[in-house]
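Student: Input structure: query_16.txt, which contains compact mmCIF, C-alpha atoms.
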```txt
# COMPACT_ATOMS: atom_id res chain seq x y z
CA MET A 13 75.54 46.73 155.44
CA VAL A 14 74.85 45.52 158.97
CA ASP A 15 71.38 44.38 157.93
CA GLY A 16 72.96 42.40 155.09
CA ILE A 17 75.36 40.73 157.53
CA LYS A 18 72.45 39.84 159.79
CA ARG A 19 70.63 38.23 156.84
CA VAL A 20 73.76 36.24 155.97
CA ALA A 21 74.03 35.07 159.59
CA ARG A 22 70.38 33.97 159.60
CA ASP A 23 70.86 32.01 156.37
CA VAL A 24 73.99 30.33 157.74
CA LYS A 25 72.20 29.47 160.99
CA ALA A 26 69.24 28.02 159.04
CA ASP A 27 71.60 25.97 156.82
CA ARG A 28 70.52 27.90 153.72
CA LEU A 29 74.08 29.18 153.17
CA ASP A 30 77.45 27.52 153.59
CA PRO A 31 79.87 30.18 154.90
CA ASP A 32 82.63 28.71 152.71
CA GLU A 33 80.51 29.54 149.65
CA LEU A 34 80.05 33.21 150.58
CA THR A 35 81.70 35.45 147.99
CA ALA A 36 81.69 39.20 147.49
CA GLU A 37 79.13 38.79 144.72
CA LYS A 38 76.89 36.61 146.87
CA PHE A 39 77.17 39.03 149.81
CA SER A 40 76.07 41.88 147.54
CA GLN A 41 72.80 40.05 147.03
CA TYR A 42 72.02 40.50 150.73
CA LEU A 43 72.22 44.31 150.54
CA TYR A 44 69.25 46.63 149.98
CA THR A 45 70.85 47.84 146.74
CA HIS A 46 71.26 44.38 145.18
CA GLN A 47 68.95 45.18 142.26
CA TRP A 48 71.07 48.13 141.08
CA PRO A 49 74.61 48.18 139.70
CA ASP A 50 77.36 49.69 141.81
CA PRO A 51 77.98 53.35 140.90
CA ASP A 52 80.87 54.27 138.63
CA LEU A 53 80.97 57.88 139.82
CA LEU A 54 80.22 59.54 143.16
CA ILE A 55 79.84 63.30 143.06
CA ARG A 56 80.58 64.87 146.44
CA THR A 57 79.46 68.47 146.77
CA SER A 58 80.57 71.22 149.18
CA GLY A 59 84.20 70.12 149.10
CA GLU A 60 83.64 67.30 151.58
CA MET A 61 86.32 64.61 151.36
CA ARG A 62 84.37 61.86 153.09
CA ILE A 63 81.53 59.51 152.24
CA SER A 64 80.00 59.42 155.73
CA ASN A 65 79.23 55.71 155.86
CA PHE A 66 77.30 56.00 152.58
CA LEU A 67 77.22 52.88 150.37
CA LEU A 68 80.55 51.67 151.74
CA TRP A 69 80.44 48.27 150.01
CA GLN A 70 79.04 49.58 146.73
CA LEU A 71 81.58 52.40 146.40
CA SER A 72 84.71 50.24 146.62
CA TYR A 73 85.62 50.76 142.93
CA THR A 74 83.76 54.02 142.40
CA GLU A 75 85.56 57.12 141.16
CA MET A 76 84.99 60.18 143.35
CA TYR A 77 84.54 63.69 142.04
CA VAL A 78 84.71 66.42 144.68
CA THR A 79 83.43 69.90 143.94
CA GLN A 80 83.26 73.02 146.10
CA THR A 81 79.79 73.71 144.67
CA LEU A 82 77.03 73.32 147.25
CA TRP A 83 74.28 70.82 146.41
CA PRO A 84 71.51 73.42 145.94
CA ASP A 85 73.74 75.27 143.46
CA PHE A 86 74.83 72.14 141.53
CA LYS A 87 73.56 72.60 137.98
CA ARG A 88 73.72 70.84 134.62
CA ALA A 89 77.09 72.45 133.78
CA ASP A 90 78.53 71.06 137.04
CA LEU A 91 77.26 67.59 136.18
CA LEU A 92 78.78 67.79 132.71
CA GLU A 93 82.13 68.85 134.21
CA ALA A 94 82.02 65.88 136.61
CA ILE A 95 81.31 63.51 133.73
CA ALA A 96 84.09 65.06 131.63
CA GLU A 97 86.55 64.62 134.50
CA PHE A 98 85.40 61.02 134.95
CA ASN A 99 85.95 60.35 131.23
CA ARG A 100 89.54 61.66 131.47
CA ARG A 101 90.42 59.09 134.12
CA GLN A 102 92.02 55.72 133.44
CA ARG A 103 90.07 53.14 135.42
CA ARG A 104 91.69 49.90 136.59
CA TYR A 105 88.74 48.33 138.43
CA GLY A 106 90.94 47.11 141.28
CA GLY A 107 93.74 45.94 139.00
CA VAL A 108 97.33 47.06 139.33
```
What would you get if you wrote out this structure as structure tokens?

Tutor:
Amino acid sequence: MVDGIKRVARDVKADRLDPDELTAEKFSQYLYTHQWPDPDLLIRTSGEMRISNFLLWQLSYTEMYVTQTLWPDFKRADLLEAIAEFNRRQRRYGGV
């Protein structure tokens, strides 16, 4: 994310971007992941309840699924359970 902020700053300094026109959508275009959609589901293995500075901007509306299963032991059945749990959730996409 810091690299994206640096690119925004360079564009503002070079008069290629008006800071008043910077939106969340426009900022996303400065990130390395701009060509991919934000994830709908993050599967966190080993029971960890943190994302460790991983995709902070992109995960803002992502549903998290935490499992005690360790990554090397995570199998197809575990993935299907994560997807089933995700499908049971009512998503609001930031709405109230």

Student: Between A:Lys38, A:Arg56, A:Arg28, A:Lys18, single out the one closest to A:Gln80, counting only C-alpha atoms.

Tutor: A:Arg56

Student: Select, from A:Thr57, A:Glu93, A:Ser64, A:Leu29, the residue with the minimum atom-to-atom distance to A:Val78, counting all atoms listed in the file.

Tutor: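 Of A:Thr57, A:Glu93, A:Ser64, A:Leu29, the one nearest A:Val78, counting all atoms listed in the file, is A:Thr57.
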
Student: Would you pick out the contacts of A:Leu53 at 9 Å or less, using only C-alpha atoms, so that residues sharing its chain but fewer than 4 positions from it are not included, and give the list as number ranges by chain?

Tutor: A: 71, 74-77, 94-95, 98

Student: As an exercise, work out the distance from atom CA of A:Lys25 to atom CA of A:Gln47 in Å and give it to one decimal place.

Tutor: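 Going from atom CA of A:Lys25 over to atom CA of A:Gln47 covers 24.7 Å.
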
Student: Mind listing as a ChimeraX atom specification all residues within 12 Å of (81.4, 49.9, 150.0), counting only C-alpha atoms?

Tutor: /A:13-14,36,39-40,43,45,50-51,54,63-74

Student: Output the selection as a compact mmCIF listing (two decimals), in the coordinates of the input - C-alpha atoms for each residue.

Tutor:
```
# COMPACT_ATOMS: atom_id res chain seq x y z
CA MET A 13 75.54 46.73 155.44
CA VAL A 14 74.85 45.52 158.97
CA ALA A 36 81.69 39.20 147.49
CA PHE A 39 77.17 39.03 149.81
CA SER A 40 76.07 41.88 147.54
CA LEU A 43 72.22 44.31 150.54
CA THR A 45 70.85 47.84 146.74
CA ASP A 50 77.36 49.69 141.81
CA PRO A 51 77.98 53.35 140.90
CA LEU A 54 80.22 59.54 143.16
CA ILE A 63 81.53 59.51 152.24
CA SER A 64 80.00 59.42 155.73
CA ASN A 65 79.23 55.71 155.86
CA PHE A 66 77.30 56.00 152.58
CA LEU A 67 77.22 52.88 150.37
CA LEU A 68 80.55 51.67 151.74
CA TRP A 69 80.44 48.27 150.01
CA GLN A 70 79.04 49.58 146.73
CA LEU A 71 81.58 52.40 146.40
CA SER A 72 84.71 50.24 146.62
CA TYR A 73 85.62 50.76 142.93
CA THR A 74 83.76 54.02 142.40
```

Student: With a distance cut-off of 7 Å and only C-alpha atoms, select the neighbouring residues of A:Ser58, excluding the residue or stretch itself and same-chain residues fewer than 5 positions from it, and output the selection as a ChimeraX atom specification.

Tutor: /A:79-83

Student: Identify which of the residues A:Asp27, A:Asp90, A:Asp15, A:Asp85 lies closest to A:Gln41, counting only C-alpha atoms when measuring atom-to-atom distances.

Tutor: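 Of A:Asp27, A:Asp90, A:Asp15, A:Asp85, the one nearest A:Gln41, counting only C-alpha atoms, is A:Asp15.
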
Student: Reconstruct stretch 20-53 of chain A at the level of N, CA and C atoms, and format the result as a short mmCIF file (atom, residue, chain, number, x, y, z; two decimals), in the coordinates of the input.

Tutor:
```
data_model
loop_
_atom_site.label_atom_id
_atom_site.label_comp_id
_atom_site.auth_asym_id
_atom_site.auth_seq_id
_atom_site.Cartn_x
_atom_site.Cartn_y
_atom_site.Cartn_z
N VAL A 20 72.81 37.32 156.24
CA VAL A 20 73.76 36.24 155.97
C VAL A 20 73.82 35.31 157.18
N ALA A 21 73.94 35.88 158.37
CA ALA A 21 74.03 35.07 159.59
C ALA A 21 72.78 34.19 159.77
N ARG A 22 71.62 34.76 159.48
CA ARG A 22 70.38 33.97 159.60
C ARG A 22 70.37 32.81 158.61
N ASP A 23 70.83 33.08 157.38
CA ASP A 23 70.86 32.01 156.37
C ASP A 23 71.87 30.93 156.73
N VAL A 24 73.00 31.32 157.30
CA VAL A 24 73.99 30.33 157.74
C VAL A 24 73.41 29.50 158.87
N LYS A 25 72.79 30.17 159.84
CA LYS A 25 72.20 29.47 160.99
C LYS A 25 71.09 28.50 160.56
N ALA A 26 70.33 28.87 159.53
CA ALA A 26 69.24 28.02 159.04
C ALA A 26 69.71 27.02 157.99
N ASP A 27 71.01 26.89 157.80
CA ASP A 27 71.60 25.97 156.82
C ASP A 27 71.18 26.26 155.38
N ARG A 28 70.83 27.51 155.10
CA ARG A 28 70.52 27.90 153.72
C ARG A 28 71.76 28.42 153.00
N LEU A 29 72.84 28.66 153.76
CA LEU A 29 74.08 29.18 153.17
C LEU A 29 75.27 28.56 153.88
N ASP A 30 76.19 28.04 153.08
CA ASP A 30 77.45 27.52 153.59
C ASP A 30 78.43 28.70 153.65
N PRO A 31 78.97 29.03 154.81
CA PRO A 31 79.87 30.18 154.90
C PRO A 31 81.06 30.09 153.94
N ASP A 32 81.51 28.87 153.64
CA ASP A 32 82.63 28.71 152.71
C ASP A 32 82.26 29.09 151.28
N GLU A 33 80.97 29.17 150.99
CA GLU A 33 80.51 29.54 149.65
C GLU A 33 80.17 31.03 149.53
N LEU A 34 80.35 31.77 150.61
CA LEU A 34 80.05 33.21 150.58
C LEU A 34 81.16 33.95 149.83
N THR A 35 80.78 34.64 148.78
CA THR A 35 81.70 35.45 147.99
C THR A 35 81.26 36.90 148.06
N ALA A 36 82.07 37.79 147.54
CA ALA A 36 81.69 39.20 147.49
C ALA A 36 80.42 39.39 146.68
N GLU A 37 80.31 38.68 145.57
CA GLU A 37 79.13 38.79 144.72
C GLU A 37 77.88 38.29 145.44
N LYS A 38 78.03 37.17 146.15
CA LYS A 38 76.89 36.61 146.87
C LYS A 38 76.49 37.54 148.02
N PHE A 39 77.48 38.11 148.73
CA PHE A 39 77.17 39.03 149.81
C PHE A 39 76.39 40.23 149.29
N SER A 40 76.76 40.72 148.13
CA SER A 40 76.07 41.88 147.54
C SER A 40 74.58 41.63 147.39
N GLN A 41 74.21 40.38 147.18
CA GLN A 41 72.80 40.05 147.03
C GLN A 41 72.00 40.22 148.33
N TYR A 42 72.68 40.32 149.44
CA TYR A 42 72.02 40.50 150.73
C TYR A 42 71.81 41.98 151.07
N LEU A 43 72.34 42.87 150.26
CA LEU A 43 72.22 44.31 150.54
C LEU A 43 70.95 44.88 149.93
N TYR A 44 70.47 45.98 150.49
CA TYR A 44 69.25 46.63 149.98
C TYR A 44 69.40 47.06 148.53
N THR A 45 70.61 47.32 148.08
CA THR A 45 70.85 47.84 146.74
C THR A 45 71.14 46.75 145.71
N HIS A 46 70.86 45.49 146.05
CA HIS A 46 71.26 44.38 145.18
C HIS A 46 70.68 44.45 143.77
N GLN A 47 69.56 45.14 143.59
CA GLN A 47 68.95 45.18 142.26
C GLN A 47 69.56 46.25 141.35
N TRP A 48 70.44 47.06 141.87
CA TRP A 48 71.07 48.13 141.08
C TRP A 48 72.57 47.90 140.95
N PRO A 49 73.16 48.32 139.84
CA PRO A 49 74.61 48.18 139.70
C PRO A 49 75.34 49.15 140.64
N ASP A 50 76.55 48.78 141.01
CA ASP A 50 77.36 49.69 141.81
C ASP A 50 77.67 50.94 140.99
N PRO A 51 77.73 52.10 141.64
CA PRO A 51 77.98 53.35 140.90
C PRO A 51 79.41 53.41 140.36
N ASP A 52 79.55 54.02 139.20
CA ASP A 52 80.87 54.27 138.63
C ASP A 52 81.44 55.60 139.11
N LEU A 53 80.55 56.53 139.44
CA LEU A 53 80.97 57.88 139.82
C LEU A 53 80.16 58.36 141.01
#
```
